[in-house]
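The structure appears right after this line, and notes come after that.
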Amino acid sequence: MKITLTNSPKQKPTGTLGFCRYYTDHMFTMEYDTEHGWHNDQIVPYGNLSLSPATTALHYGQTVFEGLKAFRNKDGEVNIFRPYDNFKRLNDSCDRICIPRFDIDKVMEGLKTLLKIEESWIPTEKGTSLYIRPAIIGVDPFLGVKASDTYLFFIILSPSGSYYAHGLKPVSIYVEDFFSRSAHIGGTGAAKFGGNYGASLKASYDAKKKGYDQVLWLDSNEHKYIEEVGAMNMFFVIDNVVITPSLNGSILPGITRNSLINLSKKLGYKVEERNVSIDEVLQAAKEGRLNEAFGSGTAAVVSPVGKITFKDETYILNNGEIGKISQQLYNELTGIQNGNLPDENGWIVGIK
Ligand SMILES: *Cc1c(COP(=O)(O)O)cnc(C)c1O
């Protein structure tokens, strides 16, 4: 792998990091063409890309991405959380969008090399991490609608602050009853595909204008069953049972979702993966049986829901405070990520 280091390293940010406000000095890149396959993997200084205005990805959205995190543990070692699962999912997303699959070991080597070079960018304060964003875009300079013959794979890194500067703050969610995130059958919802997020912007914008933090999506067929919220999977605790919608082809198979299912069982809770209708959730809320609700995703880990509105019904959950199980799961998962709790599942990968 060729490594080109920058001559002008940036000043490291001081003070609040926020989420993806800063990027590190270098990035990993790799190219694809039909003759060579994936090749030319290298580390280069972070910088703008040069693309033709006719680039496939810019017009027809042939893009997929991932989001994962690296942490520095109490012994100063750098650990990545479940990276093989993210790269496996990225290859699955590639299949759906006609992007050629890549060799996971080669990309892991690139990521580890990049992290060794950028180690000093990994923040150390409680709740902070280095956010890792791999992406693949079709780069043919051609305006015909077809899968590109050439691709660019890149990984960029962003030091990120604690999502919860003032503790786990519950969010308000608006249940979307007109727009859909993705087609229930045969759609692209299970892929981390750029177009899914473009299609979600209108509903998010409308919900923000009404004063809500996030949109909760229902299935596109009947607008009856819960899919996900924003870029997070959804969990409900009803009668002390942890319930999450089953992976149905239109829900993104979240790695945090999978981790929380595992940890809930370990903590002794009953877990159900099944269809969950909005009616069931609101009925449980009405009867005081909806103990907690929370979203799960890499960025926030656990995002408790304090308020939920569907049409003209609004419910405040758990007095707008974080629930016991949400807090427990957050502590467990961040404890494993930070190296303060044992990693019994082999989720942690070092960079040495
Ligand atoms: C990324 C994402 C998630 C969460 O996946 P994680 O692997 O837990 O980060 C959930 N839903 C959508 C739509 C997403 O894009």
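Following the order of the structure tokens, chains are lettered A, B, ..., residues in each are numbered from 1, and ligands are numbered from 1.
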Show which residues sit within 8 Å of A:Ile122, as a list in words. Count only C-alpha atoms, and ignore same-chain residues fewer than 4 positions away.
Ala70, Phe71, Arg72, Glu118, Ser129, Leu130 and Pro159 of chain A
Take the selection from the previous step and output its residues with N, CA and C atoms, as a tab-separated table (two decimals), in the first residue's frame.
```tsv
chain	number	residue	atom	x	y	z
A	70	ALA	N	-13.98	4.09	16.17
A	70	ALA	CA	-12.79	3.60	16.89
A	70	ALA	C	-12.71	4.35	18.22
A	71	PHE	N	-12.18	3.67	19.23
A	71	PHE	CA	-12.10	4.22	20.59
A	71	PHE	C	-10.69	4.01	21.11
A	72	ARG	N	-10.29	4.87	22.02
A	72	ARG	CA	-9.06	4.63	22.75
A	72	ARG	C	-9.44	4.13	24.15
A	118	GLU	N	-3.27	8.16	12.06
A	118	GLU	CA	-4.11	9.23	12.63
A	118	GLU	C	-4.38	9.05	14.13
A	129	SER	N	-15.21	9.60	20.46
A	129	SER	CA	-14.73	8.51	19.60
A	129	SER	C	-14.22	9.09	18.29
A	130	LEU	N	-13.65	8.21	17.48
A	130	LEU	CA	-13.29	8.62	16.12
A	130	LEU	C	-14.31	7.97	15.20
A	159	PRO	N	-13.01	13.06	14.35
A	159	PRO	CA	-13.10	12.97	15.81
A	159	PRO	C	-14.44	13.52	16.26
```
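All residues of protein, DNA or RNA that reach within 7 Å of stretch 256-272 of chain A, judged by only C-alpha atoms and not counting those fewer than 2 positions away in the chain, are Asn233, Val241, Val242, Ile243, Thr244, Gly254, Arg274, Ser296, Gly297, Thr298, Val301 and Leu329 of chain A.
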Would you kindly return, as a list in words, each protein, DNA or RNA residue with an atom no farther than 12 Å from any atom of A:Asn48, considering only C-alpha atoms and excluding same-chain residues fewer than 4 positions away?
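My list of contacting residues is Tyr23, His26, Met27, Val44, Phe154 and Ile156 of chain A.
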Can those selected residues be exported to a file as a PDB file, in the first residue's frame so that it contains all heavy atoms?
```pdb
ATOM      1  N   TYR A  23     -12.306  16.808  10.106  1.00  0.00           N
ATOM      2  CA  TYR A  23     -11.786  15.583   9.496  1.00  0.00           C
ATOM      3  C   TYR A  23     -10.278  15.530   9.697  1.00  0.00           C
ATOM      4  O   TYR A  23      -9.629  16.566   9.817  1.00  0.00           O
ATOM      5  CB  TYR A  23     -12.181  15.519   8.011  1.00  0.00           C
ATOM      6  CG  TYR A  23     -13.682  15.369   7.895  1.00  0.00           C
ATOM      7  CD1 TYR A  23     -14.494  16.487   7.724  1.00  0.00           C
ATOM      8  CD2 TYR A  23     -14.281  14.130   8.056  1.00  0.00           C
ATOM      9  CE1 TYR A  23     -15.881  16.366   7.696  1.00  0.00           C
ATOM     10  CE2 TYR A  23     -15.670  14.000   8.029  1.00  0.00           C
ATOM     11  CZ  TYR A  23     -16.451  15.117   7.849  1.00  0.00           C
ATOM     12  OH  TYR A  23     -17.813  14.994   7.844  1.00  0.00           O
ATOM     13  N   HIS A  26      -5.535  12.523   6.846  1.00  0.00           N
ATOM     14  CA  HIS A  26      -5.348  11.563   5.743  1.00  0.00           C
ATOM     15  C   HIS A  26      -6.621  10.760   5.489  1.00  0.00           C
ATOM     16  O   HIS A  26      -7.522  10.742   6.323  1.00  0.00           O
ATOM     17  CB  HIS A  26      -4.203  10.590   6.074  1.00  0.00           C
ATOM     18  CG  HIS A  26      -2.905  11.288   6.299  1.00  0.00           C
ATOM     19  ND1 HIS A  26      -2.527  11.749   7.536  1.00  0.00           N
ATOM     20  CD2 HIS A  26      -1.925  11.641   5.437  1.00  0.00           C
ATOM     21  CE1 HIS A  26      -1.350  12.351   7.438  1.00  0.00           C
ATOM     22  NE2 HIS A  26      -0.958  12.307   6.175  1.00  0.00           N
ATOM     23  N   MET A  27      -6.665  10.126   4.333  1.00  0.00           N
ATOM     24  CA  MET A  27      -7.783   9.236   4.014  1.00  0.00           C
ATOM     25  C   MET A  27      -7.258   8.026   3.243  1.00  0.00           C
ATOM     26  O   MET A  27      -6.168   8.076   2.663  1.00  0.00           O
ATOM     27  CB  MET A  27      -8.859   9.979   3.217  1.00  0.00           C
ATOM     28  CG  MET A  27      -8.403  10.582   1.903  1.00  0.00           C
ATOM     29  SD  MET A  27      -9.744  11.576   1.187  1.00  0.00           S
ATOM     30  CE  MET A  27      -8.963  12.142  -0.337  1.00  0.00           C
ATOM     31  N   VAL A  44      -3.623   8.758   1.410  1.00  0.00           N
ATOM     32  CA  VAL A  44      -3.245  10.058   0.826  1.00  0.00           C
ATOM     33  C   VAL A  44      -3.697  11.182   1.776  1.00  0.00           C
ATOM     34  O   VAL A  44      -4.543  10.949   2.643  1.00  0.00           O
ATOM     35  CB  VAL A  44      -3.910  10.277  -0.569  1.00  0.00           C
ATOM     36  CG1 VAL A  44      -3.386   9.261  -1.575  1.00  0.00           C
ATOM     37  CG2 VAL A  44      -5.431  10.205  -0.467  1.00  0.00           C
ATOM     38  N   PHE A 154     -13.463   5.229  -0.557  1.00  0.00           N
ATOM     39  CA  PHE A 154     -12.639   6.041   0.356  1.00  0.00           C
ATOM     40  C   PHE A 154     -13.099   5.868   1.792  1.00  0.00           C
ATOM     41  O   PHE A 154     -14.251   5.498   2.054  1.00  0.00           O
ATOM     42  CB  PHE A 154     -12.616   7.520  -0.052  1.00  0.00           C
ATOM     43  CG  PHE A 154     -13.963   8.176  -0.195  1.00  0.00           C
ATOM     44  CD1 PHE A 154     -14.600   8.735   0.910  1.00  0.00           C
ATOM     45  CD2 PHE A 154     -14.583   8.245  -1.431  1.00  0.00           C
ATOM     46  CE1 PHE A 154     -15.835   9.364   0.771  1.00  0.00           C
ATOM     47  CE2 PHE A 154     -15.813   8.861  -1.579  1.00  0.00           C
ATOM     48  CZ  PHE A 154     -16.462   9.417  -0.474  1.00  0.00           C
ATOM     49  N   ILE A 156     -12.875   8.188   5.324  1.00  0.00           N
ATOM     50  CA  ILE A 156     -12.466   9.414   6.013  1.00  0.00           C
ATOM     51  C   ILE A 156     -12.797   9.272   7.497  1.00  0.00           C
ATOM     52  O   ILE A 156     -13.628   8.433   7.879  1.00  0.00           O
ATOM     53  CB  ILE A 156     -13.133  10.676   5.395  1.00  0.00           C
ATOM     54  CG1 ILE A 156     -14.662  10.542   5.385  1.00  0.00           C
ATOM     55  CG2 ILE A 156     -12.610  10.918   3.989  1.00  0.00           C
ATOM     56  CD1 ILE A 156     -15.390  11.784   4.874  1.00  0.00           C
TER      57      ILE A 156
END
```
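For A:Leu201, the set of protein, DNA and RNA residues having any atom at most 12 Å away, when counting only C-alpha atoms and skipping those fewer than 3 positions along the same chain, is Phe179, Ser180, Arg181, Gly194, Gly195, Asn196, Tyr197, Gly198, Ser204, Tyr205, Asp206, Ala207, Lys208, Gln214, Val215, Gly230 and Ala231 of chain A.
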Please provide as a PyMOL selection string all residues within 9 Å of stretch 32-40 of chain A, with the sequence filter that same-chain residues fewer than 6 positions apart are discarded (counting only C-alpha atoms).
chain A and resi 1-2+100-103+149-153
Now that the selection is made, can you save its residues with C-alpha atoms as a PDB file, in the first residue's frame?
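Generated output (out.pdb):
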```
ATOM      1  CA  MET A   1       0.000   0.000   0.000  1.00  0.00           C
ATOM      2  CA  LYS A   2       1.396   3.360  -1.011  1.00  0.00           C
ATOM      3  CA  PRO A 100     -18.521  -4.677  -7.361  1.00  0.00           C
ATOM      4  CA  ARG A 101     -17.735  -6.335  -4.004  1.00  0.00           C
ATOM      5  CA  PHE A 102     -14.345  -5.692  -2.418  1.00  0.00           C
ATOM      6  CA  ASP A 103     -11.933  -7.812  -0.391  1.00  0.00           C
ATOM      7  CA  ASP A 149     -17.552   0.659 -14.862  1.00  0.00           C
ATOM      8  CA  THR A 150     -15.263   2.578 -12.481  1.00  0.00           C
ATOM      9  CA  TYR A 151     -15.530   3.246  -8.729  1.00  0.00           C
ATOM     10  CA  LEU A 152     -13.809   5.091  -5.930  1.00  0.00           C
ATOM     11  CA  PHE A 153     -13.696   3.660  -2.388  1.00  0.00           C
TER      12      PHE A 153
END
```
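When only C-alpha atoms are used to compute distances to A:Ser277, the closest of the residues A:Leu17, A:Ala190, A:Leu341, A:Val175 turns out to be A:Val175.
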